[in-house]
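A.B. asks: Got a structure for you, final_14.txt, holding compact mmCIF, C-alpha atoms and all ligand atoms.
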# COMPACT_ATOMS: atom_id res chain seq x y z
CA MET A 841 207.41 118.15 90.16
CA ILE A 842 203.86 116.71 90.23
CA ASN A 843 203.77 112.94 90.09
CA GLU A 844 200.62 112.41 88.03
CA LYS A 845 200.61 108.67 88.42
CA ARG A 846 200.66 108.99 92.18
CA LEU A 847 197.85 111.57 92.15
CA GLU A 848 195.76 109.30 89.95
CA GLN A 849 196.29 106.44 92.37
CA GLN A 850 195.19 108.68 95.23
CA LEU A 851 192.08 109.68 93.29
CA ARG A 852 191.21 106.04 92.68
CA THR A 853 191.60 105.33 96.40
CA PHE A 854 189.36 108.31 97.18
CA GLU A 855 186.67 107.01 94.79
CA ARG A 856 186.92 103.50 96.19
CA ILE A 857 186.44 104.70 99.78
CA LEU A 858 183.66 107.09 98.79
CA LEU A 859 181.70 104.37 97.03
CA SER A 860 182.03 101.96 99.94
CA TYR A 861 180.79 104.54 102.48
CA LYS A 862 177.06 104.03 103.06
CA PHE A 863 176.40 106.76 105.68
CA GLU A 864 175.62 104.12 108.31
CA GLU A 865 178.11 105.59 110.79
CA PRO A 866 180.05 108.84 111.04
CA LEU A 867 182.71 109.19 108.33
CA SER A 868 185.45 109.46 110.98
CA ARG A 869 184.54 106.07 112.46
CA PHE A 870 184.16 104.51 109.01
CA LEU A 871 187.61 105.75 107.98
CA THR A 872 189.24 104.42 111.15
CA SER A 873 187.96 100.91 110.43
CA TYR A 874 188.64 101.22 106.69
CA TYR A 875 192.30 102.08 107.36
CA LYS A 876 192.55 99.22 109.87
CA GLN A 877 191.38 96.80 107.20
CA ASN A 878 193.67 98.35 104.56
CA ARG A 879 196.96 98.42 106.39
CA GLN A 880 198.90 98.64 103.12
CA MET A 881 197.90 102.33 102.95
CA GLY A 882 200.74 104.48 104.28
CA SER A 883 200.14 107.44 106.59
CA ASN A 884 200.47 109.97 103.76
CA ASP A 885 197.90 108.12 101.60
CA ARG A 886 195.52 108.03 104.55
CA ARG A 887 195.94 111.72 105.21
CA VAL A 888 195.31 112.58 101.56
CA ALA A 889 192.28 110.26 101.33
CA SER A 890 190.76 111.76 104.49
CA ARG A 891 191.32 115.30 103.26
CA LEU A 892 189.74 114.57 99.86
CA LEU A 893 186.73 112.85 101.43
CA TYR A 894 186.07 115.60 103.96
CA ASN A 895 186.49 118.34 101.37
CA TYR A 896 184.25 116.44 98.95
CA PHE A 897 181.44 116.29 101.50
CA ARG A 898 181.78 120.02 102.20
CA LEU A 899 180.05 120.61 98.86
CA GLY A 900 176.97 119.04 100.48
CA LYS A 901 174.12 118.74 98.00
CA GLY A 902 175.69 121.21 95.55
CA LEU A 903 176.22 120.36 91.85
CA GLN A 904 174.90 116.82 92.20
CA ASP A 905 174.59 116.40 88.41
CA LEU A 906 178.34 116.62 87.89
CA SER A 907 180.74 113.68 88.06
CA ILE A 908 182.35 112.72 91.36
CA LEU A 909 185.75 113.96 90.26
CA THR A 910 184.51 117.32 88.97
CA ARG A 911 182.68 117.81 92.27
CA LEU A 912 185.87 116.90 94.10
CA ALA A 913 187.85 119.49 92.12
CA ILE A 914 185.24 122.15 92.89
CA SER A 915 185.16 121.32 96.58
CA GLU A 916 188.97 121.37 96.76
CA PHE A 917 188.81 124.73 94.97
CA LEU A 918 186.46 126.12 97.63
CA CYS A 919 188.30 124.63 100.62
CA THR A 920 191.96 125.21 99.77
CA SER A 921 194.28 127.66 98.05
CA SER A 922 196.48 125.02 96.44
CA SER A 923 195.69 121.55 95.19
CA ASP A 924 197.52 119.39 92.66
CA PHE A 925 194.31 117.44 92.15
CA ILE A 926 192.56 120.46 90.63
CA ALA A 927 195.33 120.84 88.05
CA LEU A 928 194.76 117.24 87.06
CA ILE A 929 190.94 117.15 87.04
CA GLU A 930 189.72 120.67 86.31
CA PRO A 931 192.72 122.83 85.32
CA LYS A 932 190.56 125.80 84.28
CA LEU A 933 190.02 126.49 88.01
CA ILE A 934 193.72 126.95 88.72
CA PRO A 935 194.01 130.68 87.79
CA TYR A 936 191.39 131.49 90.45
CA ILE A 937 192.59 129.22 93.24
CA GLU A 938 194.14 131.96 95.36
CA GLU A 939 191.14 134.27 95.08
CA SER A 940 188.83 135.05 98.00
CA LEU A 941 185.94 132.69 98.69
CA ASP A 942 183.49 135.32 97.40
CA LYS A 943 185.31 135.61 94.06
CA LYS A 944 185.56 131.84 93.72
CA LEU A 945 181.82 131.57 94.33
CA SER A 946 180.95 134.14 91.66
CA TYR A 947 183.23 132.34 89.22
CA LEU A 948 181.52 129.01 89.96
CA GLU A 949 178.12 130.65 89.62
CA LYS A 950 179.04 131.88 86.14
CA GLU A 951 180.86 128.78 84.89
CA TYR A 952 178.95 125.95 86.57
CA LYS A 953 175.61 127.57 87.54
CA PHE A 954 176.56 126.80 91.11
CA SER A 955 174.38 128.26 93.85
CA ILE A 956 175.58 128.38 97.45
CA ASN A 957 171.96 127.81 98.49
CA THR A 958 172.10 124.23 97.21
CA VAL A 959 174.88 123.12 99.59
CA PHE A 960 173.04 122.88 102.90
CA PRO A 961 169.96 120.65 103.07
CA LEU A 962 166.49 122.09 103.82
CA ILE A 963 167.66 125.71 104.08
CA ASP A 964 164.05 126.90 104.09
CA LYS A 965 163.74 125.16 107.47
CA VAL A 966 166.75 126.84 109.07
CA SER A 967 165.81 129.23 111.88
CA ASN A 968 165.64 132.86 110.84
CA MET A 969 167.66 133.66 113.98
CA ILE A 970 170.70 132.24 112.11
CA ASP A 971 172.92 134.33 109.82
CA LEU A 972 172.45 131.82 107.01
CA ASP A 973 175.04 133.07 104.49
CA ARG A 974 177.80 133.21 107.06
CA PHE A 975 176.76 129.84 108.45
CA ILE A 976 176.84 128.06 105.08
CA LEU A 977 180.13 129.64 103.99
CA GLY A 978 181.65 128.44 107.27
CA HIS A 979 181.27 124.87 106.02
CA PHE A 980 184.19 125.25 103.61
CA LYS A 981 186.60 125.43 106.56
CA GLN A 982 187.29 122.77 109.12
CA PRO A 983 186.28 123.92 112.63
CA ASP A 984 188.88 124.22 115.40
CA LEU A 985 189.42 122.06 118.45
CA PHE A 986 188.44 123.68 121.76
CA ILE A 987 189.23 122.96 125.38
CA ARG A 988 187.89 124.29 128.67
CA ILE A 989 190.59 124.31 131.34
CA HIS A 990 189.52 123.37 134.87
CA SER A 991 189.51 126.30 137.24
CA GLY A 992 192.90 126.83 138.90
CA GLN A 993 194.76 124.80 136.24
CA GLU A 994 195.00 127.54 133.60
CA GLU A 995 198.68 128.41 134.05
CA THR A 996 199.83 124.77 134.36
CA VAL A 997 198.05 123.77 131.15
CA LYS A 998 199.22 126.78 129.12
CA ARG A 999 202.82 126.29 130.30
CA ALA A 1000 202.77 122.59 129.32
CA LEU A 1001 201.34 123.44 125.90
CA LYS A 1002 204.12 125.97 125.30
CA GLU A 1003 206.80 123.54 126.48
CA ASN A 1004 205.45 120.94 124.04
CA GLY A 1005 205.33 123.39 121.15
CA ILE A 1006 201.55 123.22 120.72
CA ASP A 1007 200.14 126.51 119.39
CA TYR A 1008 196.86 127.77 120.80
CA ASN A 1009 194.60 130.74 120.62
CA GLU A 1010 193.35 132.13 123.93
CA ILE A 1011 189.61 132.82 123.74
CA SER A 1012 189.17 133.53 127.43
CA LYS A 1013 191.10 132.71 130.61
CA ASN A 1014 190.03 129.07 130.49
CA SER A 1015 188.95 128.50 126.85
CA LEU A 1016 191.58 127.75 124.22
CA SER A 1017 191.34 126.79 120.57
CA PHE A 1018 193.71 124.72 118.46
CA VAL A 1019 194.06 123.71 114.85
CA ASN A 1020 192.20 120.45 114.47
CA GLY A 1021 194.43 117.44 114.85
CA SER A 1022 196.57 119.02 117.62
CA GLN A 1023 197.65 116.12 119.79
CA LEU A 1024 196.93 117.33 123.30
CA ASP A 1025 196.41 113.80 124.58
CA LYS A 1026 200.12 113.15 124.11
CA ILE A 1027 200.87 115.51 127.03
CA LYS A 1028 200.29 113.21 129.99
CA SER A 1029 200.97 115.87 132.65
CA ILE A 1030 197.81 117.86 131.76
CA GLN A 1031 195.36 114.99 131.54
CA GLY A 1032 192.37 115.57 133.84
CA LYS A 1033 193.08 119.32 133.92
CA TYR A 1034 190.91 120.24 130.94
CA GLU A 1035 187.91 119.05 128.91
CA VAL A 1036 187.73 118.88 125.14
CA GLN A 1037 184.48 120.76 124.57
CA ASP A 1038 183.31 122.88 121.68
CA LEU A 1039 183.17 126.62 122.43
CA SER A 1040 179.40 126.91 121.87
CA SER A 1041 178.81 123.90 124.09
CA GLN A 1042 180.86 125.60 126.83
CA LYS A 1043 178.60 128.66 126.53
CA THR A 1044 175.41 126.68 127.27
CA GLY A 1045 176.58 126.63 130.91
CA ASN A 1046 175.60 130.34 131.14
CA LEU A 1047 171.96 129.27 131.13
CA PHE A 1048 172.17 126.74 133.99
CA LYS A 1049 172.16 129.29 136.85
CA ALA A 1050 171.90 126.46 139.37
CA VAL A 1051 172.10 126.86 143.12
CA ASP A 1052 174.39 124.65 145.24
CA SER A 1053 172.45 121.96 147.13
CA GLU A 1054 169.79 121.79 144.38
CA SER A 1055 169.04 118.47 142.76
CA TRP A 1056 169.54 118.36 138.96
CA TRP A 1057 168.97 115.71 136.31
CA ASP A 1058 171.07 115.54 133.13
CA ALA A 1059 168.53 113.48 131.20
CA CYS A 1060 170.48 112.79 127.96
CA ALA A 1061 173.88 112.85 129.58
CA GLY A 1062 175.80 111.04 126.85
CA SER A 1063 179.49 111.04 127.68
CA GLY A 1064 178.92 113.77 130.27
CA GLY A 1065 180.02 117.06 128.65
CA LYS A 1066 177.17 119.07 130.21
CA SER A 1067 177.29 117.16 133.53
CA ILE A 1068 180.95 118.08 134.01
CA LEU A 1069 180.20 121.68 133.08
CA LEU A 1070 177.32 121.81 135.59
CA LYS A 1071 179.36 120.28 138.43
CA GLN A 1072 182.32 122.55 137.73
CA LEU A 1073 180.13 125.66 137.73
CA HIS A 1074 178.01 124.55 140.72
CA SER A 1075 179.91 121.90 142.65
CA GLY A 1076 177.26 121.58 145.39
CA VAL A 1077 174.55 120.43 142.98
CA LYS A 1078 173.27 116.87 143.55
CA LEU A 1079 173.35 115.23 140.15
CA LEU A 1080 171.49 112.38 138.47
CA VAL A 1081 172.79 111.40 135.03
CA SER A 1082 170.91 109.16 132.63
CA ASP A 1083 171.03 108.03 129.03
CA SER A 1084 169.45 105.20 127.06
CA ARG A 1085 172.88 103.74 126.25
CA ASN A 1086 174.89 101.96 128.90
CA THR A 1087 178.06 102.07 126.79
CA ILE A 1088 178.07 105.86 126.67
CA LEU A 1089 177.45 106.05 130.42
CA ARG A 1090 180.61 103.98 130.97
CA ASN A 1091 182.42 106.62 128.96
CA LEU A 1092 180.78 109.26 131.18
CA ASP A 1093 181.99 107.46 134.32
CA SER A 1094 185.59 107.60 133.21
CA ARG A 1095 185.35 111.25 132.09
CA LEU A 1096 183.77 112.32 135.39
CA ALA A 1097 186.37 110.34 137.36
CA ASN A 1098 189.07 112.04 135.32
CA SER A 1099 187.63 115.38 136.41
CA ASN A 1100 187.45 114.27 140.07
CA ILE A 1101 183.65 114.20 140.06
CA THR A 1102 182.68 111.15 142.07
CA GLU A 1103 179.36 112.05 143.70
CA TYR A 1104 176.48 111.51 141.33
CA ARG A 1105 173.74 108.98 140.68
CA ARG A 1106 173.50 107.25 137.33
CA LYS A 1107 170.65 105.37 135.64
CA ILE A 1108 169.89 103.88 132.24
CA ILE A 1109 166.64 105.49 131.10
CA ASP A 1110 165.05 105.28 127.67
CA LEU A 1111 163.02 108.47 127.50
CA THR A 1112 160.78 107.26 124.71
CA LYS A 1113 159.10 105.43 127.60
CA ASN A 1114 157.64 106.83 130.78
CA PRO A 1115 160.54 106.95 133.29
CA VAL A 1116 158.24 106.63 136.30
CA SER A 1117 159.24 103.00 136.86
CA VAL A 1118 162.84 104.14 137.41
CA LEU A 1119 162.32 107.59 138.91
CA SER A 1120 159.04 107.04 140.74
CA ASN A 1121 157.68 110.56 141.42
CA GLU A 1122 161.05 112.22 141.96
CA LEU A 1123 161.11 115.93 141.19
CA PHE A 1124 164.21 117.94 140.26
CA ASP A 1125 165.22 121.57 140.80
CA GLY A 1126 166.70 121.66 137.31
CA ILE A 1127 166.78 119.45 134.23
CA ILE A 1128 169.30 119.59 131.39
CA LEU A 1129 167.77 118.15 128.25
CA ASP A 1130 170.56 117.97 125.65
CA ILE A 1131 168.29 116.10 123.33
CA PRO A 1132 169.10 113.83 120.33
CA CYS A 1133 168.90 115.96 117.19
CA SER A 1134 169.94 116.29 113.55
CA GLY A 1135 173.37 117.61 114.56
CA SER A 1136 173.03 120.17 111.77
CA GLY A 1137 174.93 122.82 113.75
CA THR A 1138 177.99 120.53 113.80
CA TRP A 1139 178.17 119.48 110.15
CA GLY A 1140 181.27 121.64 109.75
CA ARG A 1141 182.98 118.79 111.65
CA SER A 1142 181.03 115.98 110.01
CA PRO A 1143 180.12 117.39 106.56
CA GLU A 1144 178.85 113.99 105.38
CA GLY A 1145 175.72 114.87 107.39
CA MET A 1146 174.75 117.44 104.73
CA THR A 1147 174.62 114.81 101.98
CA SER A 1148 172.59 112.21 103.83
CA PHE A 1149 169.99 114.46 105.53
CA SER A 1150 166.36 114.58 104.44
CA GLU A 1151 162.93 115.88 105.41
CA GLU A 1152 162.03 112.41 106.82
CA LYS A 1153 165.03 112.54 109.15
CA LEU A 1154 164.06 116.00 110.37
CA LYS A 1155 160.57 114.71 111.14
CA TYR A 1156 162.04 111.65 112.88
CA TYR A 1157 164.06 113.88 115.22
CA SER A 1158 161.33 116.38 115.95
CA ASP A 1159 158.85 113.57 116.75
CA LEU A 1160 161.42 111.85 118.98
CA GLN A 1161 162.11 115.14 120.76
CA ARG A 1162 158.39 115.66 121.52
CA GLN A 1163 158.15 112.15 122.94
CA ILE A 1164 161.21 112.71 125.15
CA ILE A 1165 159.99 116.15 126.26
CA GLU A 1166 156.61 114.70 127.34
CA ASN A 1167 158.33 112.07 129.47
CA VAL A 1168 160.85 114.40 131.08
CA ILE A 1169 158.69 117.34 132.09
CA LYS A 1170 156.73 115.32 134.66
CA HIS A 1171 159.84 115.42 136.83
CA ILE A 1172 160.47 119.15 137.16
CA ARG A 1173 159.53 120.99 140.35
CA PRO A 1174 157.22 123.98 139.76
CA GLY A 1175 159.15 127.24 139.48
CA LYS A 1176 162.32 125.42 138.39
CA PRO A 1177 164.20 125.46 135.04
CA LEU A 1178 164.43 123.07 132.12
CA ILE A 1179 167.48 123.75 129.94
CA TYR A 1180 166.65 122.57 126.41
CA ILE A 1181 169.72 122.17 124.19
CA THR A 1182 170.31 120.97 120.62
CA CYS A 1183 173.18 121.20 118.16
CA SER A 1184 170.65 121.89 115.40
CA ILE A 1185 169.89 125.02 113.39
CA TYR A 1186 166.43 123.87 112.25
CA LYS A 1187 163.49 125.80 113.73
CA GLN A 1188 161.44 122.60 113.97
CA GLU A 1189 163.92 121.19 116.53
CA ASN A 1190 164.32 124.45 118.43
CA GLU A 1191 161.84 127.36 118.48
CA ASP A 1192 158.95 124.99 117.62
CA GLN A 1193 159.85 122.68 120.53
CA VAL A 1194 160.06 125.71 122.83
CA ALA A 1195 156.55 126.67 121.67
CA PHE A 1196 155.45 123.09 122.42
CA LEU A 1197 156.91 123.37 125.94
CA GLU A 1198 155.00 126.63 126.40
CA THR A 1199 151.77 124.74 125.71
CA LYS A 1200 152.83 122.25 128.41
CA GLY A 1201 153.03 124.78 131.24
CA PHE A 1202 156.51 126.28 130.77
CA LYS A 1203 157.44 129.93 130.57
CA LEU A 1204 160.34 130.88 128.32
CA GLU A 1205 163.05 132.89 130.10
CA GLU A 1206 165.56 133.04 127.28
CA MET A 1207 166.57 131.23 124.12
CA THR A 1208 169.57 131.76 121.96
CA TYR A 1209 171.68 130.35 119.16
CA PHE A 1210 175.36 130.17 120.03
CA GLU A 1211 176.59 130.83 116.50
CA GLY A 1212 180.09 129.42 116.27
CA THR A 1213 181.04 130.22 112.66
CA ALA A 1214 183.13 133.34 113.41
CA ASP A 1215 185.17 131.37 115.99
CA ARG A 1216 185.35 128.22 113.84
CA ALA A 1217 183.13 126.47 116.38
CA ASP A 1218 179.82 124.59 116.23
CA THR A 1219 176.41 126.29 116.35
CA LEU A 1220 174.13 125.25 119.22
CA PHE A 1221 170.68 126.22 120.41
CA ALA A 1222 169.76 126.56 124.08
CA ALA A 1223 166.61 127.69 125.88
CA ARG A 1224 165.86 128.19 129.58
CA LEU A 1225 162.22 127.57 130.45
CA VAL A 1226 160.67 127.58 133.89
CA ALA A 1227 157.84 125.26 134.96
CA ILE A 1228 154.84 127.31 136.04
C1 LIG A 1301 173.32 115.38 122.21
S1 LIG A 1301 173.74 113.86 122.89
C2 LIG A 1301 174.15 114.28 124.54
C3 LIG A 1301 175.51 114.92 124.71
C4 LIG A 1301 175.91 115.12 126.15
N1 LIG A 1301 174.89 115.80 126.92
C5 LIG A 1301 177.21 115.88 126.28
O1 LIG A 1301 177.21 117.09 126.57
O2 LIG A 1301 178.27 115.25 126.10
C6 LIG A 1301 172.17 113.11 123.08
C7 LIG A 1301 172.15 111.86 123.91
O3 LIG A 1301 170.80 111.38 123.94
C8 LIG A 1301 170.85 109.98 124.06
N2 LIG A 1301 169.56 109.41 123.66
C9 LIG A 1301 169.14 109.09 122.41
N3 LIG A 1301 167.90 108.55 122.45
C10 LIG A 1301 167.55 108.54 123.76
C11 LIG A 1301 166.39 108.08 124.45
N4 LIG A 1301 165.37 107.53 123.79
N5 LIG A 1301 166.35 108.20 125.79
C12 LIG A 1301 167.39 108.75 126.46
N6 LIG A 1301 168.52 109.21 125.87
C13 LIG A 1301 168.59 109.09 124.53
C14 LIG A 1301 172.00 109.56 123.18
O4 LIG A 1301 172.50 108.31 123.60
C15 LIG A 1301 172.99 110.71 123.38
O5 LIG A 1301 173.98 110.37 124.32
Here is the file; what I need is its structure written in the form of C-alpha cells.
C.D. replies:
Amino acid sequence: MINEKRLEQQLRTFERILLSYKFEEPLSRFLTSYYKQNRQMGSNDRRVASRLLYNYFRLGKGLQDLSILTRLAISEFLCTSSSDFIALIEPKLIPYIEESLDKKLSYLEKEYKFSINTVFPLIDKVSNMIDLDRFILGHFKQPDLFIRIHSGQEETVKRALKENGIDYNEISKNSLSFVNGSQLDKIKSIQGKYEVQDLSSQKTGNLFKAVDSESWWDACAGSGGKSILLKQLHSGVKLLVSDSRNTILRNLDSRLANSNITEYRRKIIDLTKNPVSVLSNELFDGIILDIPCSGSGTWGRSPEGMTSFSEEKLKYYSDLQRQIIENVIKHIRPGKPLIYITCSIYKQENEDQVAFLETKGFKLEEMTYFEGTADRADTLFAARLVAI
C-alpha cells in the first residue's frame, strides 16, 4: 500500500536539498554534511533523498523548461523500472516503466519532445573517437565500484569476499567489480591488499612501459592512484610525486604506506608556476601527467557535473592544462615518455592538447579513450608521447 503522505514528505525533502545545493562542491560531499546537520532524517529518508537527487541530475540539461517534479518523474522513469514517485507525479508514465530504455526514449520524444542530445553538455565538443550515443545512454545507470587486487593477494581477497557474502564480478585475475555501495572497507583482513580504482584508470598503466631503475615523476599525483599503479607494475622505478595541494599528498602518503610503498620523494609543486625553483634542472625518464580536467568522463558517478558545466569552464580547464604542460615538459629527458591522462571526453582537453605537445617537440606514440560504458566504468583518455 503506497503511503502518499510519506512520499510527499520525501519529495519536499528532495526539493529542499536540491534548492540548497549550489554546485560549490561535489554532491556526495554536500549530502554528507547536509545529513550531518539534519540528524532527524532517518537512514531510509537519506537513502531515498540521495537516490532522487542522483537520478534527477542524470537528466543533465534535458527538459529544462519543465517543473522540477516533472523532471524528477522523467529521470526516475529513465533510471528505474519501478518508482512510487512516478505514480504520484506523472502517472501517465507508469504503463511504460518496464519497457527498454530505447522504448522509453521514443515515448518521451513523442510526448515531451525530449531529445537525448540535450542531456550531456557541449556534445558538439565531444571527441569523435567516442561512441556518443552509448556514452550518453550510460548516464542513466550508476557505474560500478572497481578494485585492483595487489599481485599475489588475489585468492586471499576473493576468499574473504565470499566469506563475507559480498558479490563480485571477475573482470580479470586481479580486477573485480561490485555494485556501488558494497562495503569492502568493513573487511579488515583485506585492507592493504587491494586498491579501489576505476577499471579505465587501471588500464592507463598499460601505457607506462617503464623500466626498473628509471626515474619517474607523477606530476599531479593527487591521492596517488597512478603512483601506486606505476610502483606495482615497475617496483624498481625511482618516484617523485607532487601536487599543488598538501592535504591530498597526506592522503597519498597513507595510501602508499598502506600498499607498502615507502621509497619515494614528495614535493608540493604548483604547476601554474615554473617548477625550476623546486626541481632545479632535474630531468626524468618518464612523467605521468594526470592533469586537472572537466571530469566529463566520470559524470556517471557525479551526474551533477552535467548540469553545472559550461563553455567557460571548458576553456578554463584547457587553458590551465596548457600552462601546466608548458611547465612540466622542461623536465623530461630526450627520448623519454610523457603519459598525458584526463578523465575527460572533450577533444579540447585531449586530442587538441596532444597536438599542442606535438608542436612542443613531442612525438605521439599512441593515444586512446578507455571507454568504460559497457563495463559500467568511467571513460578516460591517455596518450603516450616521447620527447624528441
Ligand atoms: C586528476 S587529479 C589526479 C589524480 C591522481 N593522479 C590519481 O590517480 O589518484 C588532478 C590533480 O591535479 C592537482 N592539481 C590541480 N591544479 C594543480 C596545479 N596548478 N599544480 C599541480 N597540481 C594541480 C589536483 O590537486 C589533483 O590532485
A.B. asks: Just how far from atom CA of A:Ser860 is atom CA of A:Glu930, in Å to one decimal?
C.D. replies: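 Separation between atom CA of A:Glu930 and atom CA of A:Ser860: 24.4 Å.
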A.B. asks: Restricting the calculation to all atoms listed in the file: of A:Asp1093, A:Asp1025, A:Glu949, A:Asp1058, which residue gets closest to A:Val1077?
C.D. replies: A:Asp1058
A.B. asks: For ligand LIG 1301 (chain A), I'd like the enclosing box, axis-aligned and padded by 8 Å on every side, reported as AutoDock Vina command-line options with centre and edge lengths in Å to one decimal.
C.D. replies:
--center_x 171.8 --center_y 112.3 --center_z 124.6 --size_x 28.9 --size_y 25.6 --size_z 20.7
A.B. asks: What are the closest atom pairs, with distances in Å to one decimal, for all residues of chain A lying within 9 Å of ligand LIG 1301 (chain A)? Consider all atoms listed in the file, order rows by chain and residue number, and present the result as CSV.
C.D. replies:
residue,atom,partner,partner_atom,distance
A:Gln1037,CA,A:LIG1301,O1,8.4
A:Ser1041,CA,A:LIG1301,O1,7.4
A:Asp1058,CA,A:LIG1301,N1,7.3
A:Ala1059,CA,A:LIG1301,C12,6.8
A:Cys1060,CA,A:LIG1301,O3,4.3
A:Ala1061,CA,A:LIG1301,N1,4.1
A:Gly1062,CA,A:LIG1301,O5,3.2
A:Ser1063,CA,A:LIG1301,O2,4.7
A:Gly1064,CA,A:LIG1301,O2,4.5
A:Gly1065,CA,A:LIG1301,O1,3.5
A:Lys1066,CA,A:LIG1301,O1,4.1
A:Ser1067,CA,A:LIG1301,O1,7.0
A:Ile1068,CA,A:LIG1301,O1,8.4
A:Leu1069,CA,A:LIG1301,O1,8.5
A:Ser1082,CA,A:LIG1301,C12,7.1
A:Asp1083,CA,A:LIG1301,N6,4.2
A:Ser1084,CA,A:LIG1301,C12,4.1
A:Arg1085,CA,A:LIG1301,O4,5.3
A:Asn1086,CA,A:LIG1301,O4,8.6
A:Thr1087,CA,A:LIG1301,O4,8.9
A:Ile1088,CA,A:LIG1301,O5,6.5
A:Leu1089,CA,A:LIG1301,O5,8.2
A:Leu1092,CA,A:LIG1301,O2,8.2
A:Ile1108,CA,A:LIG1301,C12,8.0
A:Ile1109,CA,A:LIG1301,C12,5.7
A:Asp1110,CA,A:LIG1301,N5,3.7
A:Leu1111,CA,A:LIG1301,N5,3.8
A:Thr1112,CA,A:LIG1301,N4,4.7
A:Lys1113,CA,A:LIG1301,N4,7.6
A:Ile1128,CA,A:LIG1301,N1,8.1
A:Leu1129,CA,A:LIG1301,N1,7.6
A:Asp1130,CA,A:LIG1301,N1,5.0
A:Ile1131,CA,A:LIG1301,C6,4.9
A:Pro1132,CA,A:LIG1301,C6,4.2
A:Cys1133,CA,A:LIG1301,C1,6.7
A:Gly1135,CA,A:LIG1301,C1,8.0
A:Leu1160,CA,A:LIG1301,N4,7.6
A:Gln1161,CA,A:LIG1301,N4,8.8
A:Gln1163,CA,A:LIG1301,N4,8.6
A:Ile1164,CA,A:LIG1301,N4,6.8
A:Ile1181,CA,A:LIG1301,C1,7.9
A:Thr1182,CA,A:LIG1301,C1,6.5
A:Cys1183,CA,A:LIG1301,C1,7.1
A.B. asks: I'd like the neighbourhood of A:Ala913 as a list in words, where a residue qualifies if any of its atoms comes within 10 Å (using only C-alpha atoms), though same-chain residues fewer than 2 positions away should be ignored.
C.D. replies: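 Answer for this query is Leu892, Asn895, Tyr896, Ile908, Leu909, Thr910, Arg911, Ser915, Glu916, Phe917, Leu918, Cys919, Ser923, Asp924, Phe925, Ile926, Ala927, Leu928, Ile929, Glu930, Pro931 and Leu933 of chain A.
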A.B. asks: Residues proximal to (185.8, 128.4, 119.7) were defined as those with any atom within 6 Å of that point in the file's coordinates, counting all atoms listed in the file. Which are they, as a PDB file with C-alpha atoms, in the frame of the given file?
C.D. replies:
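Once everything was written out, this is selection.pdb:
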ATOM      1  CA  PHE A 986     188.440 123.680 121.760  1.00  0.00           C
ATOM      2  CA  SER A1017     191.340 126.790 120.570  1.00  0.00           C
ATOM      3  CA  LEU A1039     183.170 126.620 122.430  1.00  0.00           C
ATOM      4  CA  ASP A1215     185.170 131.370 115.990  1.00  0.00           C
ATOM      5  CA  ARG A1216     185.350 128.220 113.840  1.00  0.00           C
ATOM      6  CA  ALA A1217     183.130 126.470 116.380  1.00  0.00           C
TER       7      ALA A1217
END
A.B. asks: Hey, what's within 9 Å of A:Thr1213 if we count all atoms listed in the file and toss same-chain stuff fewer than 5 positions away? As a list in words, please?
C.D. replies: Arg974, Phe975, Ile976, Leu977, Gly978, His979, Pro983, Asp1218 and Thr1219 of chain A
A.B. asks: Filtering to C-alpha atoms, could you give me those residues as a PDB file, in the frame of the given file?
C.D. replies:
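The file below, part-v4.pdb, is the result:
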ATOM      1  CA  ARG A 974     177.800 133.210 107.060  1.00  0.00           C
ATOM      2  CA  PHE A 975     176.760 129.840 108.450  1.00  0.00           C
ATOM      3  CA  ILE A 976     176.840 128.060 105.080  1.00  0.00           C
ATOM      4  CA  LEU A 977     180.130 129.640 103.990  1.00  0.00           C
ATOM      5  CA  GLY A 978     181.650 128.440 107.270  1.00  0.00           C
ATOM      6  CA  HIS A 979     181.270 124.870 106.020  1.00  0.00           C
ATOM      7  CA  PRO A 983     186.280 123.920 112.630  1.00  0.00           C
ATOM      8  CA  ASP A1218     179.820 124.590 116.230  1.00  0.00           C
ATOM      9  CA  THR A1219     176.410 126.290 116.350  1.00  0.00           C
TER      10      THR A1219
END
A.B. asks: Could you list, as an NGL selection string, every residue within 12 Å of A:Asn1114, counting only C-alpha atoms and ignoring same-chain residues fewer than 5 positions away?
C.D. replies: :A and (1109 or 1119-1121 or 1163-1171)
A.B. asks: Interatomic distance between atom CA of A:Pro1174 and atom CA of A:Gly1201?
C.D. replies: 9.5 Å
A.B. asks: Atom CA of A:Gly1045 and atom CA of A:Leu1070 are how many Å apart?
C.D. replies: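 Between atom CA of A:Gly1045 and atom CA of A:Leu1070 the gap is 6.8 Å.
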A.B. asks: Nearest to A:Glu1205: which of A:Tyr1186, A:Arg846, A:Leu1047, A:Arg1141 is it, counting all atoms listed in the file?
C.D. replies: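 The closest residue to A:Glu1205 is A:Leu1047.
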A.B. asks: Could you pull the residues within 6 Å of stretch 987-992 of chain A, counting all atoms listed in the file, minus those fewer than 5 positions along the same chain, as a PyMOL selection string?
C.D. replies: chain A and resi 1014-1016+1033-1037
